[in-house]
>>> print(open('run.txt').read())   # compact mmCIF, C-alpha atoms
# COMPACT_ATOMS: atom_id res chain seq x y z
CA MET S 32 0.00 0.00 0.00
CA ARG S 33 2.81 2.33 0.89
CA ASN S 34 4.32 1.86 -2.54
CA GLU S 35 1.11 2.42 -4.39
CA GLN S 36 0.86 5.77 -2.78
CA SER S 37 4.29 6.67 -4.07
CA VAL S 38 3.51 6.03 -7.69
CA ARG S 39 0.21 7.80 -7.91
CA PRO S 40 0.43 10.34 -10.69
CA ASP S 41 -0.75 13.13 -8.44
CA ALA S 42 2.36 12.52 -6.35
CA ILE S 43 4.45 13.99 -9.17
CA THR S 44 4.49 17.72 -8.86
CA ASP S 45 4.61 20.14 -11.76
CA GLN S 46 7.97 21.25 -10.48
CA GLU S 47 9.32 17.73 -10.75
CA ARG S 48 7.97 17.47 -14.26
CA ARG S 49 9.56 20.76 -15.29
CA THR S 50 12.88 19.84 -13.71
CA PHE S 51 12.75 16.53 -15.48
CA LEU S 52 12.14 18.15 -18.85
CA LYS S 53 14.89 20.67 -18.27
CA LEU S 54 17.44 18.05 -17.33
CA GLY S 55 16.80 16.12 -20.49
CA LEU S 56 18.41 12.84 -21.34
CA LYS S 57 21.65 12.92 -19.47
CA ILE S 58 20.44 11.63 -16.16
CA THR S 59 17.76 9.27 -17.33
CA GLY S 60 19.11 6.61 -15.01
CA VAL S 61 18.05 8.58 -12.01
CA LEU S 62 14.86 9.94 -13.40
CA ALA S 63 13.55 6.72 -14.80
CA GLY S 64 12.81 5.75 -11.23
CA GLY S 65 11.19 9.05 -10.52
CA THR S 66 8.71 9.60 -13.27
CA MET S 67 5.93 7.15 -13.24
CA LEU S 68 2.43 7.78 -14.39
CA SER S 69 -0.52 5.52 -14.21
CA LEU S 70 -2.15 3.81 -17.13
CA ALA S 71 -4.87 2.22 -15.09
CA PRO S 72 -7.30 3.89 -12.73
CA LEU S 73 -6.06 4.60 -9.24
CA PRO S 74 -6.66 1.87 -6.68
CA ASP S 75 -9.07 3.96 -4.67
CA ASP S 76 -11.13 5.05 -7.65
CA GLU S 77 -14.72 4.00 -7.44
CA ALA S 78 -14.91 2.50 -10.89
CA GLN S 79 -11.98 0.16 -11.19
CA ALA S 80 -11.02 -1.50 -14.43
CA ALA S 81 -8.20 -3.79 -15.46
CA PHE S 82 -5.35 -2.41 -17.47
CA ASP S 83 -6.31 -2.60 -21.15
CA LEU S 84 -3.42 -4.61 -22.57
CA ALA S 85 -5.17 -5.30 -25.88
CA GLY S 86 -5.77 -1.59 -26.32
CA TYR S 87 -2.18 -0.80 -25.45
CA ARG S 88 -0.90 -3.35 -27.98
CA ARG S 89 -3.25 -2.16 -30.72
CA GLY S 90 -1.65 -2.62 -34.14
CA ALA S 91 1.11 -4.91 -32.88
CA LYS S 92 1.25 -8.20 -34.77
CA TYR S 93 4.07 -9.90 -32.92
CA LYS S 94 3.60 -13.55 -31.95
CA PRO S 95 4.89 -14.31 -29.41
CA HIS S 96 4.99 -10.74 -28.22
CA TYR S 97 7.61 -10.81 -25.50
CA GLY S 98 7.28 -8.47 -22.59
CA MET S 99 7.81 -8.31 -18.87
CA VAL S 100 5.78 -7.39 -15.84
CA ILE S 101 7.79 -6.14 -12.89
CA ARG S 102 6.30 -6.66 -9.44
CA GLN S 103 8.20 -3.71 -8.13
CA ASN S 104 7.39 -3.87 -4.44
CA HIS S 105 9.02 -7.31 -4.22
CA CYS S 106 12.42 -6.08 -5.38
CA VAL S 107 15.02 -5.95 -2.60
CA ASP S 108 18.05 -5.10 -4.76
CA CYS S 109 19.79 -8.44 -4.25
CA GLU S 110 20.98 -7.95 -7.84
CA LYS S 111 20.98 -11.63 -8.65
CA CYS S 112 19.29 -10.58 -11.90
CA LYS S 113 22.16 -8.30 -12.75
CA GLU S 114 24.73 -10.98 -11.99
CA ALA S 115 22.88 -13.55 -14.11
CA CYS S 116 22.57 -11.08 -16.98
CA LYS S 117 26.25 -10.20 -16.89
CA LYS S 118 27.26 -13.83 -16.90
CA THR S 119 24.82 -14.92 -19.59
CA ASN S 120 25.37 -12.03 -21.94
CA HIS S 121 29.00 -11.18 -21.19
CA VAL S 122 28.22 -7.68 -20.01
CA PRO S 123 31.35 -5.76 -18.96
CA ASP S 124 31.58 -3.91 -15.63
CA TYR S 125 31.26 -0.49 -17.24
CA GLY S 126 27.87 -1.19 -18.81
CA TRP S 127 24.56 -2.83 -18.08
CA ARG S 128 21.69 -4.48 -19.88
CA THR S 129 19.64 -4.39 -16.74
CA THR S 130 20.15 -2.66 -13.42
CA ILE S 131 18.31 -1.60 -10.27
CA LEU S 132 17.52 2.02 -9.46
CA GLU S 133 16.68 3.14 -5.97
CA LYS S 134 14.53 5.91 -4.66
CA ASP S 135 13.38 7.15 -1.29
CA VAL S 136 9.73 8.06 -1.26
CA GLU S 137 7.98 9.99 1.45
CA THR S 138 5.10 7.83 2.59
CA GLU S 139 3.91 10.35 5.12
CA PRO S 140 5.52 13.63 6.19
CA GLY S 141 8.99 12.93 7.52
CA LYS S 142 8.76 9.20 6.87
CA LYS S 143 10.81 7.68 4.09
CA TYR S 144 10.48 4.31 2.45
CA ARG S 145 13.02 2.97 -0.03
CA ILE S 146 11.90 1.45 -3.28
CA PHE S 147 14.01 -0.45 -5.78
CA VAL S 148 13.16 -0.21 -9.46
CA PRO S 149 14.52 -2.82 -11.87
CA VAL S 150 15.13 -1.33 -15.31
CA LEU S 151 16.04 -2.76 -18.70
CA CYS S 152 15.31 -2.11 -22.37
CA ASN S 153 11.58 -1.45 -22.62
CA HIS S 154 11.27 -3.09 -26.03
CA CYS S 155 9.04 -0.19 -26.98
CA LEU S 156 6.25 -0.44 -29.51
CA ASN S 157 7.45 2.86 -30.91
CA PRO S 158 11.19 2.73 -30.18
CA PRO S 159 13.02 6.04 -30.66
CA CYS S 160 16.36 4.18 -30.92
CA VAL S 161 15.17 2.30 -34.02
CA ARG S 162 13.88 5.48 -35.59
CA VAL S 163 17.21 7.28 -35.31
CA CYS S 164 19.65 4.50 -36.25
CA PRO S 165 21.28 5.54 -39.53
CA THR S 166 22.34 2.03 -40.52
CA LYS S 167 19.33 0.00 -39.39
CA ALA S 168 21.64 -1.84 -36.99
CA THR S 169 18.91 -1.83 -34.40
CA TYR S 170 15.40 -2.87 -35.26
CA LYS S 171 12.30 -4.47 -33.89
CA ASP S 172 12.29 -8.18 -34.58
CA PRO S 173 9.23 -8.67 -36.82
CA LYS S 174 8.29 -11.92 -35.09
CA THR S 175 8.78 -11.23 -31.37
CA GLY S 176 8.87 -7.46 -31.02
CA ILE S 177 12.27 -7.65 -29.34
CA VAL S 178 14.44 -4.61 -30.06
CA VAL S 179 17.59 -6.28 -31.34
CA MET S 180 21.08 -5.20 -32.39
CA GLU S 181 22.92 -6.36 -35.46
CA TYR S 182 26.43 -5.63 -34.24
CA LYS S 183 28.17 -5.76 -37.59
CA LYS S 184 25.95 -3.01 -38.96
CA CYS S 185 26.54 -0.73 -35.97
CA ILE S 186 28.94 2.13 -36.64
CA GLY S 187 29.03 3.19 -32.98
CA CYS S 188 27.57 6.64 -33.56
CA LYS S 189 25.63 6.39 -30.26
CA THR S 190 22.62 8.23 -31.63
CA CYS S 191 20.40 5.43 -30.30
CA MET S 192 21.91 5.90 -26.85
CA ALA S 193 20.89 9.54 -26.90
CA ALA S 194 17.44 8.72 -28.23
CA CYS S 195 16.59 6.03 -25.68
CA PRO S 196 14.39 7.51 -22.92
CA TYR S 197 15.47 4.67 -20.62
CA ASN S 198 19.26 4.87 -20.84
CA ALA S 199 19.14 1.19 -21.73
CA ARG S 200 22.08 1.17 -24.16
CA TYR S 201 25.84 1.33 -23.76
CA PHE S 202 28.81 1.17 -26.08
CA LYS S 203 30.57 -2.15 -25.71
CA GLU S 204 34.25 -1.63 -26.39
CA GLU S 205 34.84 -5.33 -26.99
CA ASN S 206 32.29 -5.38 -29.84
CA ARG S 207 32.96 -1.85 -31.03
CA ALA S 208 29.17 -1.62 -31.09
CA ILE S 209 26.21 -0.68 -28.98
CA ASP S 210 24.95 -3.43 -26.71
CA LYS S 211 21.58 -3.77 -24.99
CA CYS S 212 19.06 -6.20 -23.54
CA ASN S 213 17.52 -8.51 -26.12
CA PHE S 214 15.52 -10.59 -23.63
CA CYS S 215 18.35 -13.17 -23.87
CA PHE S 216 17.13 -14.06 -27.33
CA ASP S 217 20.46 -15.40 -28.59
CA THR S 218 21.67 -16.79 -25.28
CA ARG S 219 18.52 -18.46 -23.94
CA LEU S 220 15.19 -18.10 -25.76
CA SER S 221 16.54 -19.40 -29.09
CA LYS S 222 17.92 -22.38 -27.20
CA GLY S 223 14.54 -23.36 -25.84
CA GLU S 224 14.65 -21.59 -22.47
CA LYS S 225 11.36 -19.98 -21.52
CA LEU S 226 12.73 -17.19 -19.34
CA THR S 227 15.35 -14.50 -19.57
CA ALA S 228 18.39 -14.95 -17.31
CA CYS S 229 17.24 -12.13 -15.02
CA ALA S 230 13.73 -13.53 -14.62
CA ALA S 231 15.09 -17.02 -13.92
CA ALA S 232 17.54 -15.71 -11.33
CA CYS S 233 15.11 -13.57 -9.35
CA PRO S 234 14.35 -15.18 -5.97
CA ALA S 235 11.27 -13.01 -5.41
CA LYS S 236 9.58 -13.43 -8.79
CA VAL S 237 9.84 -9.72 -9.43
CA ARG S 238 10.37 -10.19 -13.15
CA VAL S 239 7.53 -12.05 -14.83
CA PHE S 240 8.47 -12.68 -18.44
CA GLY S 241 6.36 -14.10 -21.23
CA ASP S 242 4.17 -13.71 -24.28
CA LEU S 243 1.82 -10.79 -23.83
CA ALA S 244 -0.03 -11.73 -27.03
CA ASP S 245 -1.20 -14.81 -25.17
CA PRO S 246 -3.96 -13.87 -22.73
CA GLU S 247 -3.22 -16.99 -20.69
CA SER S 248 0.48 -16.25 -20.11
CA GLU S 249 1.57 -15.42 -16.59
CA PRO S 250 2.35 -11.75 -17.27
CA SER S 251 -0.92 -11.27 -19.16
CA LYS S 252 -2.86 -12.67 -16.22
CA LEU S 253 -1.01 -10.38 -13.83
CA LEU S 254 -1.94 -7.33 -15.88
CA ARG S 255 -5.57 -8.38 -16.04
CA GLN S 256 -6.21 -8.16 -12.30
CA PRO S 257 -8.93 -5.54 -11.96
CA ASP S 258 -7.79 -4.19 -8.61
CA LYS S 259 -4.16 -3.67 -9.57
CA PHE S 260 -2.51 -0.48 -10.60
CA VAL S 261 -0.27 -0.79 -13.69
CA TRP S 262 2.24 1.76 -14.92
CA VAL S 263 5.13 2.19 -17.32
CA LEU S 264 8.21 4.36 -17.03
CA ARG S 265 8.26 7.75 -18.72
CA PRO S 266 5.08 7.35 -20.77
CA GLU S 267 5.40 11.00 -21.79
CA ALA S 268 8.33 10.07 -24.04
CA GLY S 269 5.75 8.47 -26.32
CA ALA S 270 7.77 5.32 -26.97
CA ARG S 271 4.99 2.97 -25.79
CA PRO S 272 7.27 0.92 -23.58
CA PHE S 273 6.51 -2.77 -23.17
CA ILE S 274 7.83 -3.34 -19.64
CA PHE S 275 5.00 -2.99 -17.15
CA TYR S 276 5.24 -2.23 -13.47
CA MET S 277 2.89 -3.06 -10.66
CA ASN S 278 2.82 -3.66 -6.96
CA ASP S 279 1.47 -7.14 -6.53
CA MET D 53 73.27 10.01 22.45
CA LYS D 54 71.12 11.77 19.92
CA THR D 55 70.21 8.56 18.11
CA LEU D 56 69.39 6.89 21.42
CA ASN D 57 67.00 9.73 22.21
CA LYS D 58 65.38 9.34 18.84
CA THR D 59 64.94 5.60 19.28
CA LEU D 60 63.51 6.15 22.73
CA LEU D 61 61.09 8.73 21.42
CA ALA D 62 59.96 6.45 18.60
CA ALA D 63 59.45 3.58 21.03
CA LEU D 64 57.49 5.79 23.39
CA LEU D 65 55.33 7.01 20.53
CA ALA D 66 54.67 3.44 19.44
CA ILE D 67 53.61 2.45 22.94
CA VAL D 68 51.28 5.43 23.28
CA THR D 69 49.73 4.76 19.86
CA ALA D 70 49.23 1.09 20.61
CA GLY D 71 47.70 2.02 23.95
CA LEU D 72 45.26 4.33 22.25
CA PHE D 73 44.25 1.58 19.85
CA ILE D 74 43.62 -0.82 22.69
CA VAL D 75 41.50 1.72 24.55
CA ALA D 76 39.56 2.52 21.39
CA SER D 77 38.90 -1.11 20.50
CA GLN D 78 37.88 -1.88 24.06
CA ALA D 79 35.41 0.96 23.98
CA MET D 80 33.92 -0.40 20.76
CA GLY D 81 33.91 -3.90 22.18
CA SER D 82 31.93 -2.86 25.21
CA ASP D 83 29.38 -1.16 22.96
CA ASP D 84 28.94 -4.37 21.07
CA GLU D 85 28.53 -6.31 24.26
CA GLU D 86 25.84 -3.98 25.42
CA ASP D 87 23.45 -4.53 22.56
CA GLY D 88 25.11 -6.60 19.86
CA GLY D 89 25.44 -3.73 17.40
CA THR D 90 24.39 -3.93 13.78
CA ILE D 91 24.06 -7.32 12.14
CA VAL D 92 24.22 -7.59 8.36
CA PHE D 93 23.03 -10.80 6.75
CA THR D 94 24.34 -11.56 3.28
CA LYS D 95 22.86 -15.02 2.78
CA PRO D 96 20.72 -16.06 1.01
CA VAL D 97 20.50 -12.55 -0.48
CA LYS D 98 22.59 -9.45 -0.10
CA ALA D 99 21.76 -7.83 2.26
CA VAL D 100 19.50 -7.66 5.29
CA ILE D 101 20.18 -5.38 8.21
CA PHE D 102 19.25 -5.97 11.82
CA GLU D 103 19.75 -3.19 14.37
CA HIS D 104 20.02 -4.46 17.91
CA SER D 105 19.55 -0.94 19.28
CA ILE D 106 16.14 -0.43 17.66
CA HIS D 107 14.88 -3.69 19.14
CA VAL D 108 16.42 -3.05 22.55
CA GLU D 109 14.89 0.42 22.66
CA MET D 110 11.50 -1.21 22.14
CA GLY D 111 12.09 -2.87 25.47
CA MET D 112 13.11 -6.31 24.30
CA ASP D 113 15.48 -8.41 26.39
CA CYS D 114 18.39 -10.49 25.14
CA ASP D 115 16.39 -13.64 25.84
CA SER D 116 13.54 -12.46 23.61
CA CYS D 117 15.63 -13.74 20.70
CA HIS D 118 18.63 -15.54 22.24
CA ASP D 119 19.38 -18.40 22.07
CA ASP D 120 16.07 -19.05 20.38
CA PRO D 121 15.55 -18.33 17.50
CA PHE D 122 19.03 -16.81 17.20
CA GLU D 123 22.24 -18.03 18.79
CA MET D 124 24.47 -15.31 20.18
CA ALA D 125 27.19 -15.80 17.59
CA ALA D 126 26.55 -13.63 14.54
CA GLY D 127 26.32 -15.56 11.28
CA THR D 128 24.98 -18.78 12.82
CA ALA D 129 21.47 -18.53 11.39
CA GLU D 130 22.82 -17.79 7.93
CA GLU D 131 24.42 -21.21 7.83
CA ASN D 132 21.01 -22.88 7.94
CA ASP D 133 19.43 -23.93 4.66
CA ASP D 134 16.03 -22.77 5.83
CA PHE D 135 17.11 -19.23 6.67
CA ASN D 136 14.81 -17.66 4.07
CA MET D 137 11.52 -15.81 3.68
CA LYS D 138 9.50 -19.03 3.55
CA ALA D 139 10.72 -19.94 7.04
CA LEU D 140 9.87 -16.46 8.27
CA TYR D 141 6.32 -16.81 6.97
CA GLU D 142 6.13 -20.06 8.96
CA GLY D 143 7.04 -18.22 12.12
CA LYS D 144 10.72 -19.09 12.28
CA TYR D 145 13.62 -16.66 12.89
CA CYS D 146 12.49 -13.01 12.49
CA GLY D 147 9.03 -14.36 11.66
CA MET D 148 8.61 -15.32 15.32
CA CYS D 149 7.64 -11.70 15.96
CA HIS D 150 7.31 -10.32 12.43
CA ASP D 151 3.97 -12.01 11.90
CA GLY D 152 1.67 -9.01 11.50
CA GLU D 153 0.65 -9.06 15.17
CA THR D 154 3.67 -8.58 17.39
CA ALA D 155 5.55 -6.71 14.66
CA PHE D 156 4.94 -5.87 11.01
CA ALA D 157 4.48 -9.01 8.91
CA SER D 158 7.48 -10.47 7.10
CA ASN D 159 5.79 -10.16 3.73
CA THR D 160 5.37 -6.41 4.08
CA ASN D 161 7.71 -3.47 4.45
CA CYS D 162 10.50 -5.34 2.59
CA THR D 163 13.03 -2.54 2.42
CA ALA D 164 12.82 -1.82 6.12
CA CYS D 165 15.28 -4.72 6.49
CA HIS D 166 16.44 -5.42 2.92
CA ILE D 167 19.06 -2.79 2.15
CA GLY D 168 20.14 -4.44 -1.08
CA VAL D 169 23.54 -4.59 -2.70
CA LYS D 170 23.55 -0.79 -2.88
CA GLY D 171 22.89 -0.42 0.82
CA TYR D 172 25.50 -3.06 1.61
CA ASN D 173 28.15 -1.34 -0.49
CA ARG D 174 27.38 1.99 1.12
CA MET D 175 27.72 0.45 4.56
CA MET D 176 30.98 -1.24 3.75
CA GLY D 177 32.28 1.87 2.03
CA THR D 178 32.75 0.00 -1.23
CA LYS D 179 32.71 2.34 -4.13
CA GLU D 180 30.03 1.35 -6.56
CA LYS D 181 31.25 0.37 -9.96
CA LYS D 182 30.45 3.18 -12.31
CA GLY D 183 28.02 1.91 -14.88
CA HIS D 184 26.78 3.92 -17.80
CA GLY D 185 23.90 5.05 -15.67
CA SER D 186 26.08 7.18 -13.42
CA GLY D 187 26.08 10.04 -15.87
CA HIS D 188 29.79 10.24 -16.59
CA HIS D 189 29.44 10.40 -20.33
>>> encode(input="run.txt", output="structure tokens")
Amino acid sequence: MRNEQSVRPDAITDQERRTFLKLGLKITGVLAGGTMLSLAPLPDDEAQAAFDLAGYRRGAKYKPHYGMVIRQNHCVDCEKCKEACKKTNHVPDYGWRTTILEKDVETEPGKKYRIFVPVLCNHCLNPPCVRVCPTKATYKDPKTGIVVMEYKKCIGCKTCMAACPYNARYFKEENRAIDKCNFCFDTRLSKGEKLTACAAACPAKVRVFGDLADPESEPSKLLRQPDKFVWVLRPEAGARPFIFYMND
Amino acid sequence: MKTLNKTLLAALLAIVTAGLFIVASQAMGSDDEEDGGTIVFTKPVKAVIFEHSIHVEMGMDCDSCHDDPFEMAAGTAEENDDFNMKALYEGKYCGMCHDGETAFASNTNCTACHIGVKGYNRMMGTKEKKGHGSGHH
């Protein structure tokens, strides 16, 4: 309950919004944890309705359509996800494909509660990184919707890094190319694994991964709960991110 | 004569310094003995903090938790395979009180005790590895 309070859209002041806009892209890592707006009605609204996933996906023809639901209030920053990701995808120390942000929220005057926010590529439906790539080295996989990198086409111009509202990309020296989360497509999913390394490693089931085109998948069912409040990070960027957050 | 003086002075200084250290460590030791200090658990996840002082200030006695559910020696509980949240929900370890009646339930208020890897590193003074999210580019 405490957490829900913290992510209510009316908890974000105009000042915060203005500051956020002024600061721009450079400190996305910090702000991604700070700007959350609701997509579903507030929990104490009289008329409650489930988050409209079908409406959100409108026009998307991916099958399976991979996405993730993050049960944020269960995250305790043990970072087993981060370790598993690094090991599976050979992520160097200076970069990340997924990480955990932290934020202190005031639950009542003078009382702080810490929340941890797992972040990764949002595999957006309208990805700004794809739009700006001059060599089409990054694109949305037509089958799964995963935003993938074709390293050999990447010229390392870093325009995608600047365009990403989620700071989810880094330049990998070893590859001389941009690297990012691809839901472990090459390292796990294509080998028959059902979960990403981070989701499999999480001891608290914070990361629920699956096919959001399938209404019976675990993440789809989570999003359908009528009494639960669902949000995405930085919806105002207009990228239609496909990583959903809830307190469950 | 001069060198002898110097040696004497150095020796004296060494004794005084060592003495200070002993006094300082004894002072810290007695603090620990009073209420056990801060316990940081790193297994099965990094990290969970337990403040003896907060619990003592609530009026709890040593024998509220020692030797059952916790032995006096720090790190003993962590060696048990069942030292996890499931056990807490079943009323073991912290769950003996953190059951929603005596104290807040173990499945709520997670970050009151879970400080995470970030909290652990801050406590230990380990500098966090600078990732690309730290805004240095």
>>> closest_residue(input="run.txt", among="S:Glu137, S:Glu181, S:Asp172, S:Glu267", to="Tyr197 of chain S", atoms="only C-alpha atoms")
S:Glu267
>>> residues_around(input="run.txt", residues="Asn213 of chain S", least_positions_apart="3", cutoff="7 Å", atoms="only C-alpha atoms", output="list in words")
Ile177, Val178, Val179 and Phe216 of chain S
>>> atom_distance(input="run.txt", atom1="atom CA of Asp134 of chain D", atom2="atom CA of Ile131 of chain S")
26.7 Å
>>> atom_distance(input="run.txt", atom1="atom CA of Tyr87 of chain S", atom2="atom CA of Pro165 of chain S")
28.1 Å
>>> closest_atom_pairs(input="run.txt", of="chain S", to="chain D", cutoff="9 Å", atoms="only C-alpha atoms", output="tab-separated table")
residue	atom	partner	partner_atom	distance
S:Arg33	CA	D:Asn161	CA	8.4
S:Lys57	CA	D:Gly187	CA	6.4
S:Ile58	CA	D:Gly187	CA	5.9
S:Thr59	CA	D:Gly185	CA	7.6
S:Gly60	CA	D:Gly185	CA	5.1
S:Val61	CA	D:Gly185	CA	7.8
S:Asn104	CA	D:Cys162	CA	7.8
S:His105	CA	D:Cys162	CA	7.2
S:Cys106	CA	D:Cys162	CA	8.2
S:Val107	CA	D:Gly168	CA	5.6
S:Asp108	CA	D:Gly168	CA	4.3
S:Cys109	CA	D:Lys98	CA	5.1
S:Glu110	CA	D:Val169	CA	6.7
S:Lys111	CA	D:Val97	CA	8.2
S:Asp124	CA	D:Gly183	CA	6.9
S:Tyr125	CA	D:Gly183	CA	4.7
S:Gly126	CA	D:Gly183	CA	5.0
S:Trp127	CA	D:Gly183	CA	6.7
S:Thr130	CA	D:Gly185	CA	8.9
S:Glu133	CA	D:Lys170	CA	8.5
S:Tyr144	CA	D:Thr163	CA	7.3
S:Arg145	CA	D:Thr163	CA	6.0
S:Ile146	CA	D:Thr163	CA	7.0
S:Phe147	CA	D:Thr163	CA	8.5
S:Asn198	CA	D:Gly185	CA	6.9
S:Ala199	CA	D:Gly185	CA	8.6
S:Arg200	CA	D:His184	CA	8.4
S:Tyr201	CA	D:His184	CA	6.6
S:Phe202	CA	D:His184	CA	9.0
S:Pro234	CA	D:Val97	CA	8.7
>>> write_last_selection(input="run.txt", atoms="C-alpha atoms", output="PDB file, in the frame of the given file")
ATOM      1  CA  ARG S  33       2.810   2.330   0.890  1.00  0.00           C
ATOM      2  CA  LYS S  57      21.650  12.920 -19.470  1.00  0.00           C
ATOM      3  CA  ILE S  58      20.440  11.630 -16.160  1.00  0.00           C
ATOM      4  CA  THR S  59      17.760   9.270 -17.330  1.00  0.00           C
ATOM      5  CA  GLY S  60      19.110   6.610 -15.010  1.00  0.00           C
ATOM      6  CA  VAL S  61      18.050   8.580 -12.010  1.00  0.00           C
ATOM      7  CA  ASN S 104       7.390  -3.870  -4.440  1.00  0.00           C
ATOM      8  CA  HIS S 105       9.020  -7.310  -4.220  1.00  0.00           C
ATOM      9  CA  CYS S 106      12.420  -6.080  -5.380  1.00  0.00           C
ATOM     10  CA  VAL S 107      15.020  -5.950  -2.600  1.00  0.00           C
ATOM     11  CA  ASP S 108      18.050  -5.100  -4.760  1.00  0.00           C
ATOM     12  CA  CYS S 109      19.790  -8.440  -4.250  1.00  0.00           C
ATOM     13  CA  GLU S 110      20.980  -7.950  -7.840  1.00  0.00           C
ATOM     14  CA  LYS S 111      20.980 -11.630  -8.650  1.00  0.00           C
ATOM     15  CA  ASP S 124      31.580  -3.910 -15.630  1.00  0.00           C
ATOM     16  CA  TYR S 125      31.260  -0.490 -17.240  1.00  0.00           C
ATOM     17  CA  GLY S 126      27.870  -1.190 -18.810  1.00  0.00           C
ATOM     18  CA  TRP S 127      24.560  -2.830 -18.080  1.00  0.00           C
ATOM     19  CA  THR S 130      20.150  -2.660 -13.420  1.00  0.00           C
ATOM     20  CA  GLU S 133      16.680   3.140  -5.970  1.00  0.00           C
ATOM     21  CA  TYR S 144      10.480   4.310   2.450  1.00  0.00           C
ATOM     22  CA  ARG S 145      13.020   2.970  -0.030  1.00  0.00           C
ATOM     23  CA  ILE S 146      11.900   1.450  -3.280  1.00  0.00           C
ATOM     24  CA  PHE S 147      14.010  -0.450  -5.780  1.00  0.00           C
ATOM     25  CA  ASN S 198      19.260   4.870 -20.840  1.00  0.00           C
ATOM     26  CA  ALA S 199      19.140   1.190 -21.730  1.00  0.00           C
ATOM     27  CA  ARG S 200      22.080   1.170 -24.160  1.00  0.00           C
ATOM     28  CA  TYR S 201      25.840   1.330 -23.760  1.00  0.00           C
ATOM     29  CA  PHE S 202      28.810   1.170 -26.080  1.00  0.00           C
ATOM     30  CA  PRO S 234      14.350 -15.180  -5.970  1.00  0.00           C
TER      31      PRO S 234
END
>>> closest_residue(input="run.txt", among="D:Glu109, D:Asp133, D:Cys117, D:Arg174", to="Gly147 of chain D", atoms="all atoms listed in the file")
D:Cys117
>>> atom_distance(input="run.txt", atom1="atom CA of Leu254 of chain S", atom2="atom CA of Tyr141 of chain D")
26.1 Å
>>> residues_around(input="run.txt", residues="Pro121 of chain D", least_positions_apart="3", cutoff="12 Å", atoms="all atoms listed in the file", output="MDAnalysis selection string")
chainID D and resid 114:118 124:125 128:129 132 135 139:140 143:149
>>> closest_residue(input="run.txt", among="S:Asn157, S:Thr175, S:Thr218, S:Thr138", to="Arg271 of chain S", atoms="all atoms listed in the file")
S:Asn157
>>> decode(input="run.txt", residues="segment 164-175 of chain D", atoms="N, CA and C atoms", output="compact mmCIF listing (two decimals), in the first residue's frame")
# COMPACT_ATOMS: atom_id res chain seq x y z
N ALA D 164 12.47 -2.22 4.76
CA ALA D 164 12.82 -1.82 6.12
C ALA D 164 14.04 -2.62 6.58
N CYS D 165 14.15 -3.86 6.12
CA CYS D 165 15.28 -4.72 6.49
C CYS D 165 16.21 -4.99 5.30
N HIS D 166 15.62 -5.13 4.10
CA HIS D 166 16.44 -5.42 2.92
C HIS D 166 17.07 -4.13 2.41
N ILE D 167 18.37 -4.00 2.59
CA ILE D 167 19.06 -2.79 2.15
C ILE D 167 19.67 -2.95 0.76
N GLY D 168 19.66 -4.19 0.27
CA GLY D 168 20.14 -4.44 -1.08
C GLY D 168 21.65 -4.39 -1.20
N VAL D 169 22.11 -4.64 -2.41
CA VAL D 169 23.54 -4.59 -2.70
C VAL D 169 24.03 -3.14 -2.56
N LYS D 170 23.16 -2.21 -2.98
CA LYS D 170 23.55 -0.79 -2.88
C LYS D 170 23.74 -0.37 -1.43
N GLY D 171 22.79 -0.75 -0.60
CA GLY D 171 22.89 -0.42 0.82
C GLY D 171 24.10 -1.07 1.46
N TYR D 172 24.36 -2.31 1.07
CA TYR D 172 25.50 -3.06 1.61
C TYR D 172 26.81 -2.36 1.22
N ASN D 173 26.92 -2.00 -0.03
CA ASN D 173 28.15 -1.34 -0.49
C ASN D 173 28.35 0.00 0.20
N ARG D 174 27.26 0.72 0.41
CA ARG D 174 27.38 1.99 1.12
C ARG D 174 27.89 1.77 2.54
N MET D 175 27.32 0.75 3.18
CA MET D 175 27.72 0.45 4.56
C MET D 175 29.18 0.08 4.67
